[in-house]
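To keep things clear, I will list the structure first and then write my remarks on it.
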Amino acid sequence: MSWFVASLLALAMWTVWGVFAKVAGRYAGTTTILLCQGAGNFVVYAAVAYWTRFRFEAKPMGIALGIGAGILGTLGTLVFLYALSKGRASVVVPVAAMYPVFVAVVGFTLLKEPFTWKAGLGVFFAGLAVLLLAL
């Protein structure tokens, strides 16, 4: 599967996830939704470990960064679910979805990844889109 098809699948899944998370807020509290998502996550983790015949192989830094990413990702999900419970999905989701723009900026500045005028234009228009949606 190409990176583009994989990206489109992620987009589709995250779209449905955002809708499910918003609607779930009508029936359950933020913490309950977070824990139920965690149970769903575990089902996927177990399936991936089984299908790939997973063997734990990593350097200590990889383990530490992986755990840190998991903690921050889960905390981000918690505050995202809280924001969804208080605000409109049509605004909350695009604002929260700006994180790739910040990752791109970090990639350009700290990780020394190549910066192109197209990438800069994409960052600009993504910021403009969120600003317009939030108004």
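For the structure tokens, the naming scheme is as follows: chains receive sequential letters (A, B, ...) according to their order of presentation, residues are indexed from 1 within each chain, and ligands are indexed from 1 in presentation order.
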Checklist entry - Do you know which residues are at most 12 Å from Val79 (chain A) counting only C-alpha atoms, after dropping those on the same chain fewer than 3 positions away, and could you put them as a ChimeraX atom specification? => result /A:30-31,33-34,72-76,82-87,92-93,96
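The list of residues with at least one atom within 12 Å of region 110-124 of chain A, based on only C-alpha atoms and without residues fewer than 5 positions apart in the same chain, reads A:Met98, A:Tyr99, A:Pro100, A:Val101, A:Phe102, A:Val103, A:Ala104, A:Val105, A:Ala129, A:Val130, A:Leu131.
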Item to check | Filtered DSSP result for chain A, state helix (DSSP H, G or I), as a PyMOL selection string | outcome: chain A and resi 3-24+30-51+60-86+89-96+99-109+117-134
Checklist entry - Rounded to one decimal in Å, what is the spacing between CA of Val19 (chain A) and CA of Gly127 (chain A)? => result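 Those two atoms sit 22.2 Å apart.
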Next on the checklist: Would you pick out the contacts of region 5-17 of chain A at 12 Å or less, using only C-alpha atoms, so that residues sharing its chain but fewer than 2 positions from it are not included, and give the list as a list in words?
Outcome noted: Met1, Ser2, Trp3, Val19, Phe20, Ala21, Lys22, Val23, Ala24, Ile33, Gln37, Gly40, Thr77, Phe80, Leu81, Ala89, Ser90, Val93, Pro94 and Ala97 of chain A
Checklist entry - So how far away is CA of Val95 (chain A) from CA of Ala126 (chain A), in Å? => result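 Separating CA of Ala126 (chain A) from CA of Val95 (chain A) is a distance of 9.8 Å.
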